[in-house]
Amino acid sequence: MANGTKGFASRRNRILGFCSLIALAAGAAGGAFAQGVETGQTSADQAKANSDEAIIVSARRREESLQKVPIAVSAFSGEQLSDINAQDLTAVGDLSPNITLKTSRSTNSTLTAFIRGVGQQDPVAGFEAGVGVYIDDVYLNRPQAALLDIFDVQRIEVLRGPQGTLYGRNTIGGAVKYVTKPLTDDPSLDVKLTGGTHGEFDGVGTFNLPIAKDSAIGDLKLGGSIAYLSHGGFGHNIYLGSGDLPNYNKKVLAGRLSTEWDPTNNFSLKITGDWTDDNSAPRQGHRLLAFTDAGRMISYPVLSNVYDTMSGLNTPKQSVVANGVSSVMQWKTSEHFTLKNILAYRSDRTNTPIDFDSLPYVDLDVPAIYDNNQLSEEFQILYEANRIHGIIGFYYLDAYALTKFDVLLGGTTLDPTAALNVFTSSAANTHTWSIFGDWTFDLSDMWSLSVGGRYTNDRRDATINRDIYLGGFSPTFGGPDRAPFLTQTDLSAEAEFHDFSPRASLTFTPNAENTFYFSYAQGFKSGGFDPRCVASTAPDINGDGVSGAAGDVADQRAFCLFQPENISTYEVGWKNSLFDGNFHSALDFFYSDYKDVQVPGSVGVDTNGDGQADTFAGVTTNAAKARIYGVEFEGAAHVAENVFGGGDSLDWQFSMGYINAAYTKYLGRGSPPPDITNVAVFQNTPKWNAYNRVTYSAPMGLMGKDGRTSLYGAVAYKSLTHQFGYAGPLDQPAYATVDAGVYWKNDTGRWKLGVYGSNLTDKRYKVAGYDFVTSLPAFGNSALGVTGVLTAFYGDPRQVLGTVEVAF
């Protein structure tokens, strides 16, 4: 015992200096998490460790075996993600069926998320996400700063289908849970370095330091990470900076610091702070149309490199800063009851220049600011007994989101001061509270019944200002302090929404290897006010003889308001672990009725009286109904051992998703509203998606150390993907990407070396864009811009990276 204590103190002292440096650098911060190296395993052991039976998830807010939970959920351990060098959440979009996770246009950190056809890709304050993103059970209310880098993660869970009962508002499509590694009783220090093509250099340091163990105050632990993530970009802005300004680059400094106090075996308090500072250059798009300026006798061809741009906008300076602090308290008051409290505050601010036309001209140039903060409180009472398991809880969120942006309309002028400017300021204040419960009753050894529900009270306060300025930038973006030429919207309004979302499931477990379930769940996404609404164009909605254009505030409110949307989903599934745990899979079929679908759109607005639309205004309606059904199949197999020699093995991981999403009613914009049911399509929802990875592993010594080398190849496939609600020129045809890698781990888990290649065929595929050349008034899409605005953003090109990981 004395020698063990001495060794413990010695290890602690060896890393104390480095921990102090990290603590000083991180302050009370953090936000990027480092991936440590885990103890080596044989392939057979690893196959069983990664089986559904062994993977523990918290999809129902309590820890359960993945195989037993009656929800369509994918779970990926930190080790699995490290083995393929997954760098951020978008990688999970390839691994799990019927999910789209991608970077949203102008930054590295704004997330566009869709699950089973449900989501939201407009990041402006006032619109709500359809997929909830959580860090250690803390809900991220806005998409800005939600595209999380993957480091020091215990697991990532993807919950498909409505999760309103346990996760509340805006999880109508599903939820993504990012679960960080817990602090441990053993001191450790992990370092990971990455380098490769496009000037990639990443450095991540993670430490775990027990301060006190079995002392008078109990156990006290400290841990954290600091990360520098960078690459030089995939292209350049060949107009600004003499061609030296990178495009699609990354320059992120982040940190995280946690402390956990366990005064007794029944009580724990963990406080975590995180911080991210993204100083990457603006991410500008690639023009798909050539343009000739006859007056200046200049031609702009379509650039050969899709990652290059000719953007002329560089105001404001690109910057993303996000931070947060949370406390999680757990108290096991008795054998059956546990109390849990999660209190958190988060804020983020994004300054970004968005150049819609991607040319030097001031033609739809949009400098923008996104400023968000939120305070959340959640209290849970968990109950565990022999045949009854349950949770009841209370949730409160106070969130504020502010978006400000100019729309500069100067045609072919290069001088912003010569441009007409439509300025918008949209603030959304959300006050929501809910009570919820979910209970599972084991009716017998084979049958269990789960029932639950959530009542939500949601209040939305909106302040929308839309002003037209002459002479370029508004005062918000450095223009002279002056009064607007015209005010189109000056609206303050509020709305309150109520919802009850039930859930029920029946589970049949005939034996330890098979689980069958049937479930029903409802989901709810809150209503609100269109942040781009032009209130002064509101008709006489209430019939009092005074229109919104004449100043009737009630008409203006009703014109800008949109209602909640709802979904009801039926699901049947089978989960199994067969052949002594060497094969496990999950198969599910689902059917959803999607009602009052919120359809954001825009219409052209003539601001100068020339009879031509020169800017756009938002119009969001609940004009659609839809039905969505599909099938999902995923799993892994330990295929063979001793294929070529003693101790080698072959493993296979797979997923497949099919989804048929179609509108059953869709009334477009117009008078009378046209029926576009058979024309409208679902955005960001490929009908087919698949992923296959084969890994060959064999014992191999390196540097005089015993270890294991693994070689893998992977293919990810997505069928035709529509960028918007109509078939258009930015749609991405079916495509596949190919990845491969080789890595070596020593048996003690101290060393890991790897070389990874992603998108090895260098496939160019569109993930987002702007289309203002397609004029479809029924869809709320108008042709705008003198130069023709058709701009695309692309997924990452081929990358080859090498990594070195050391655990001390």
# chains A, B, ... in the order shown; residues from 1 in each chain; ligands from 1
>>> residues_around(residues="Phe529 of chain A", least_positions_apart="4", cutoff="12 Å", atoms="only C-alpha atoms", output="JSON, numbers by chain")
{"A": [124, 125, 126, 127, 128, 426, 427, 428, 429, 430, 459, 460, 461, 462, 463, 464, 491, 492, 493, 494, 495, 496, 533, 534, 535, 556, 557, 558, 559, 560, 561, 562, 563, 564, 598, 600, 618, 619, 620, 621]}
>>> select_by_dssp(residues="segment 368-553 of chain A", states="strand (DSSP E)", output="ChimeraX atom specification")
/A:368-384,388-409,420-442,447-470,486-511,514-525,528-529
>>> closest_residue(among="A:Ile541, A:Ile211, A:Leu183, A:Ile217", to="Ser258 of chain A", atoms="only C-alpha atoms")
A:Leu183
>>> closest_residue(among="A:Ser450, A:Thr440, A:Ser106, A:Thr489", to="Arg387 of chain A", atoms="only C-alpha atoms")
A:Thr440
>>> residues_around(residues="Thr509 of chain A", least_positions_apart="4", cutoff="9 Å", atoms="only C-alpha atoms", output="mmCIF file with C-alpha atoms, in the first residue's frame")
data_model
loop_
_atom_site.group_PDB
_atom_site.id
_atom_site.type_symbol
_atom_site.label_atom_id
_atom_site.label_comp_id
_atom_site.auth_asym_id
_atom_site.auth_seq_id
_atom_site.Cartn_x
_atom_site.Cartn_y
_atom_site.Cartn_z
ATOM 1 C CA LYS A 68 -31.837 -2.913 -24.677
ATOM 2 C CA ASP A 445 -38.647 -11.160 -17.715
ATOM 3 C CA MET A 446 -39.470 -10.765 -21.415
ATOM 4 C CA TRP A 447 -41.916 -7.871 -21.664
ATOM 5 C CA SER A 448 -41.561 -4.236 -20.620
ATOM 6 C CA GLU A 513 -29.348 -11.916 -27.766
ATOM 7 C CA ASN A 514 -32.523 -10.330 -29.169
ATOM 8 C CA THR A 515 -34.653 -7.299 -28.404
ATOM 9 C CA PHE A 516 -37.813 -6.332 -30.324
ATOM 10 C CA TYR A 517 -39.726 -3.122 -29.769
#
>>> atom_distance(atom1="atom CA of Val546 of chain A", atom2="atom CA of Gln488 of chain A")
16.9 Å
>>> residues_around(residues="Arg296 of chain A", least_positions_apart="6", cutoff="12 Å", atoms="only C-alpha atoms", output="PDB file with C-alpha atoms, in the first residue's frame")
ATOM      1  CA  THR A 412     -21.578  46.288 -60.483  1.00  0.00           C
ATOM      2  CA  THR A 413     -20.202  49.034 -58.276  1.00  0.00           C
ATOM      3  CA  LEU A 414     -16.991  48.324 -56.368  1.00  0.00           C
TER       4      LEU A 414
END
>>> closest_residue(among="A:Thr338, A:Thr180, A:Asn351, A:Thr456", to="Gly223 of chain A", atoms="only C-alpha atoms")
A:Thr180
>>> residues_around(residues="Pro246 of chain A", least_positions_apart="2", cutoff="10 Å", atoms="only C-alpha atoms", output="PyMOL selection string")
chain A and resi 231-238+240-241+243-244+248-250+280-284+307-309
>>> write_last_selection(atoms="C-alpha atoms", output="mmCIF file, in the first residue's frame")
data_model
loop_
_atom_site.group_PDB
_atom_site.id
_atom_site.type_symbol
_atom_site.label_atom_id
_atom_site.label_comp_id
_atom_site.auth_asym_id
_atom_site.auth_seq_id
_atom_site.Cartn_x
_atom_site.Cartn_y
_atom_site.Cartn_z
ATOM 1 C CA HIS A 231 -4.761 24.045 -41.649
ATOM 2 C CA GLY A 232 -3.815 26.481 -44.369
ATOM 3 C CA GLY A 233 -6.994 26.204 -46.433
ATOM 4 C CA PHE A 234 -8.128 24.370 -49.541
ATOM 5 C CA GLY A 235 -8.202 27.481 -51.737
ATOM 6 C CA HIS A 236 -7.579 31.217 -51.798
ATOM 7 C CA ASN A 237 -9.384 34.483 -52.207
ATOM 8 C CA ILE A 238 -7.630 35.613 -55.379
ATOM 9 C CA LEU A 240 -8.398 40.108 -51.557
ATOM 10 C CA GLY A 241 -4.908 39.955 -50.097
ATOM 11 C CA GLY A 243 -4.348 36.008 -53.556
ATOM 12 C CA ASP A 244 -2.706 35.191 -50.205
ATOM 13 C CA TYR A 248 -11.625 27.122 -46.250
ATOM 14 C CA ASN A 249 -8.793 27.361 -43.727
ATOM 15 C CA LYS A 250 -8.947 26.672 -40.000
ATOM 16 C CA SER A 280 -10.197 31.314 -39.408
ATOM 17 C CA ALA A 281 -10.532 33.431 -42.539
ATOM 18 C CA PRO A 282 -14.027 33.920 -44.003
ATOM 19 C CA ARG A 283 -15.302 30.866 -45.880
ATOM 20 C CA GLN A 284 -16.570 32.236 -49.190
ATOM 21 C CA TYR A 307 -12.327 26.241 -53.184
ATOM 22 C CA ASP A 308 -11.123 29.541 -54.700
ATOM 23 C CA THR A 309 -13.217 32.698 -54.601
#
>>> residues_around(residues="Ser434 of chain A", least_positions_apart="6", cutoff="9 Å", atoms="only C-alpha atoms", output="PyMOL selection string")
chain A and resi 168+393-396+454-458
>>> residues_around(residues="Ile115 of chain A", least_positions_apart="4", cutoff="7 Å", atoms="only C-alpha atoms", output="CSV table (one decimal) with N, CA, C and O atoms, in the first residue's frame")
chain,number,residue,atom,x,y,z
A,98,ASN,N,-29.5,7.9,-42.3
A,98,ASN,CA,-30.6,8.9,-42.4
A,98,ASN,C,-30.3,10.2,-41.5
A,98,ASN,O,-31.2,10.7,-40.9
A,99,ILE,N,-29.0,10.6,-41.5
A,99,ILE,CA,-28.7,11.8,-40.8
A,99,ILE,C,-27.7,12.6,-41.7
A,99,ILE,O,-26.9,12.1,-42.4
A,100,THR,N,-27.9,14.0,-41.7
A,100,THR,CA,-27.1,14.9,-42.4
A,100,THR,C,-26.5,15.9,-41.4
A,100,THR,O,-27.3,16.6,-40.8
A,119,GLY,N,-35.2,19.2,-40.1
A,119,GLY,CA,-34.1,20.0,-39.6
A,119,GLY,C,-34.4,21.4,-40.0
A,119,GLY,O,-35.5,21.9,-40.3
A,131,VAL,N,-33.1,19.6,-34.9
A,131,VAL,CA,-32.3,18.5,-34.3
A,131,VAL,C,-31.6,19.2,-33.1
A,131,VAL,O,-30.9,20.2,-33.2
A,160,ARG,N,-32.5,9.0,-33.3
A,160,ARG,CA,-33.3,9.3,-34.5
A,160,ARG,C,-34.7,9.2,-34.2
A,160,ARG,O,-35.2,8.4,-33.5
A,173,GLY,N,-36.7,16.2,-35.0
A,173,GLY,CA,-36.1,15.2,-35.9
A,173,GLY,C,-35.2,14.2,-35.1
A,173,GLY,O,-35.1,13.1,-35.6
A,174,GLY,N,-34.7,14.6,-34.0
A,174,GLY,CA,-33.8,13.7,-33.2
A,174,GLY,C,-32.8,14.6,-32.4
A,174,GLY,O,-33.0,15.8,-32.3
>>> closest_residue(among="A:Pro531, A:Pro316, A:Pro733, A:Gly707", to="Asp648 of chain A", atoms="only C-alpha atoms")
A:Gly707
>>> closest_residue(among="A:Phe379, A:Ala91, A:Leu81, A:Glu335", to="Arg61 of chain A", atoms="only C-alpha atoms")
A:Phe379
>>> decode(residues="segment 378-389 of chain A", atoms="all heavy atoms", output="mmCIF file, in the first residue's frame")
data_model
loop_
_atom_site.group_PDB
_atom_site.id
_atom_site.type_symbol
_atom_site.label_atom_id
_atom_site.label_comp_id
_atom_site.auth_asym_id
_atom_site.auth_seq_id
_atom_site.Cartn_x
_atom_site.Cartn_y
_atom_site.Cartn_z
ATOM 1 N N GLU A 378 -32.009 22.309 -15.254
ATOM 2 C CA GLU A 378 -32.761 21.061 -15.339
ATOM 3 C C GLU A 378 -32.589 20.279 -14.043
ATOM 4 O O GLU A 378 -31.472 20.070 -13.578
ATOM 5 C CB GLU A 378 -32.299 20.223 -16.523
ATOM 6 C CG GLU A 378 -33.076 18.924 -16.683
ATOM 7 C CD GLU A 378 -32.826 18.247 -18.017
ATOM 8 O OE1 GLU A 378 -32.120 18.820 -18.863
ATOM 9 O OE2 GLU A 378 -33.351 17.123 -18.208
ATOM 10 N N PHE A 379 -33.717 19.853 -13.483
ATOM 11 C CA PHE A 379 -33.711 19.072 -12.251
ATOM 12 C C PHE A 379 -34.402 17.746 -12.527
ATOM 13 O O PHE A 379 -35.498 17.702 -13.093
ATOM 14 C CB PHE A 379 -34.425 19.812 -11.125
ATOM 15 C CG PHE A 379 -34.490 19.040 -9.837
ATOM 16 C CD1 PHE A 379 -33.350 18.844 -9.078
ATOM 17 C CD2 PHE A 379 -35.688 18.492 -9.399
ATOM 18 C CE1 PHE A 379 -33.399 18.126 -7.887
ATOM 19 C CE2 PHE A 379 -35.753 17.776 -8.208
ATOM 20 C CZ PHE A 379 -34.600 17.589 -7.457
ATOM 21 N N GLN A 380 -33.756 16.640 -12.122
ATOM 22 C CA GLN A 380 -34.283 15.310 -12.389
ATOM 23 C C GLN A 380 -34.363 14.505 -11.092
ATOM 24 O O GLN A 380 -33.507 14.628 -10.217
ATOM 25 C CB GLN A 380 -33.379 14.550 -13.375
ATOM 26 C CG GLN A 380 -33.128 15.236 -14.689
ATOM 27 C CD GLN A 380 -32.061 14.525 -15.508
ATOM 28 O OE1 GLN A 380 -31.535 13.467 -15.113
ATOM 29 N NE2 GLN A 380 -31.715 15.100 -16.655
ATOM 30 N N ILE A 381 -35.390 13.682 -11.023
ATOM 31 C CA ILE A 381 -35.499 12.666 -9.978
ATOM 32 C C ILE A 381 -35.538 11.316 -10.684
ATOM 33 O O ILE A 381 -36.457 11.050 -11.471
ATOM 34 C CB ILE A 381 -36.760 12.850 -9.116
ATOM 35 C CG1 ILE A 381 -36.777 14.245 -8.478
ATOM 36 C CG2 ILE A 381 -36.840 11.765 -8.046
ATOM 37 C CD1 ILE A 381 -38.059 14.527 -7.699
ATOM 38 N N LEU A 382 -34.530 10.495 -10.428
ATOM 39 C CA LEU A 382 -34.429 9.192 -11.073
ATOM 40 C C LEU A 382 -34.762 8.095 -10.068
ATOM 41 O O LEU A 382 -34.350 8.163 -8.894
ATOM 42 C CB LEU A 382 -33.037 8.970 -11.646
ATOM 43 C CG LEU A 382 -32.608 9.926 -12.753
ATOM 44 C CD1 LEU A 382 -31.746 11.055 -12.176
ATOM 45 C CD2 LEU A 382 -31.844 9.199 -13.846
ATOM 46 N N TYR A 383 -35.489 7.102 -10.555
ATOM 47 C CA TYR A 383 -35.905 5.998 -9.704
ATOM 48 C C TYR A 383 -35.482 4.685 -10.348
ATOM 49 O O TYR A 383 -35.710 4.456 -11.533
ATOM 50 C CB TYR A 383 -37.420 6.009 -9.499
ATOM 51 C CG TYR A 383 -37.931 4.882 -8.628
ATOM 52 C CD1 TYR A 383 -37.882 4.965 -7.241
ATOM 53 C CD2 TYR A 383 -38.476 3.733 -9.207
ATOM 54 C CE1 TYR A 383 -38.341 3.929 -6.446
ATOM 55 C CE2 TYR A 383 -38.947 2.689 -8.415
ATOM 56 C CZ TYR A 383 -38.869 2.794 -7.033
ATOM 57 O OH TYR A 383 -39.330 1.764 -6.247
ATOM 58 N N GLU A 384 -34.836 3.814 -9.562
ATOM 59 C CA GLU A 384 -34.405 2.508 -10.039
ATOM 60 C C GLU A 384 -34.807 1.452 -9.014
ATOM 61 O O GLU A 384 -34.407 1.514 -7.853
ATOM 62 C CB GLU A 384 -32.882 2.470 -10.240
ATOM 63 C CG GLU A 384 -32.383 3.256 -11.440
ATOM 64 C CD GLU A 384 -32.667 2.562 -12.750
ATOM 65 O OE1 GLU A 384 -32.892 1.336 -12.742
ATOM 66 O OE2 GLU A 384 -32.682 3.240 -13.792
ATOM 67 N N ALA A 385 -35.622 0.504 -9.460
ATOM 68 C CA ALA A 385 -35.982 -0.629 -8.623
ATOM 69 C C ALA A 385 -35.900 -1.895 -9.471
ATOM 70 O O ALA A 385 -35.494 -1.852 -10.633
ATOM 71 C CB ALA A 385 -37.376 -0.447 -8.034
ATOM 72 N N ASN A 386 -36.312 -3.006 -8.898
ATOM 73 C CA ASN A 386 -36.148 -4.276 -9.595
ATOM 74 C C ASN A 386 -36.896 -4.302 -10.926
ATOM 75 O O ASN A 386 -36.362 -4.707 -11.948
ATOM 76 C CB ASN A 386 -36.643 -5.422 -8.698
ATOM 77 C CG ASN A 386 -36.353 -6.784 -9.307
ATOM 78 O OD1 ASN A 386 -35.352 -6.944 -9.991
ATOM 79 N ND2 ASN A 386 -37.227 -7.748 -9.043
ATOM 80 N N ARG A 387 -38.125 -3.833 -10.942
ATOM 81 C CA ARG A 387 -38.931 -3.897 -12.155
ATOM 82 C C ARG A 387 -39.494 -2.548 -12.589
ATOM 83 O O ARG A 387 -40.293 -2.488 -13.529
ATOM 84 C CB ARG A 387 -40.083 -4.893 -11.980
ATOM 85 C CG ARG A 387 -39.608 -6.353 -11.917
ATOM 86 C CD ARG A 387 -40.772 -7.316 -12.068
ATOM 87 N NE ARG A 387 -40.316 -8.702 -12.130
ATOM 88 C CZ ARG A 387 -39.943 -9.321 -13.245
ATOM 89 N NH1 ARG A 387 -39.949 -8.654 -14.390
ATOM 90 N NH2 ARG A 387 -39.551 -10.572 -13.214
ATOM 91 N N ILE A 388 -39.108 -1.487 -11.950
ATOM 92 C CA ILE A 388 -39.579 -0.145 -12.316
ATOM 93 C C ILE A 388 -38.382 0.782 -12.403
ATOM 94 O O ILE A 388 -37.552 0.827 -11.486
ATOM 95 C CB ILE A 388 -40.593 0.403 -11.283
ATOM 96 C CG1 ILE A 388 -41.805 -0.537 -11.168
ATOM 97 C CG2 ILE A 388 -41.061 1.786 -11.688
ATOM 98 C CD1 ILE A 388 -42.799 -0.116 -10.108
ATOM 99 N N HIS A 389 -38.301 1.511 -13.506
ATOM 100 C CA HIS A 389 -37.224 2.472 -13.727
ATOM 101 C C HIS A 389 -37.867 3.731 -14.294
ATOM 102 O O HIS A 389 -38.689 3.655 -15.219
ATOM 103 C CB HIS A 389 -36.187 1.932 -14.706
ATOM 104 C CG HIS A 389 -35.918 0.472 -14.575
ATOM 105 N ND1 HIS A 389 -34.952 -0.045 -13.748
ATOM 106 C CD2 HIS A 389 -36.521 -0.600 -15.153
ATOM 107 C CE1 HIS A 389 -34.951 -1.363 -13.822
ATOM 108 N NE2 HIS A 389 -35.899 -1.725 -14.676
#
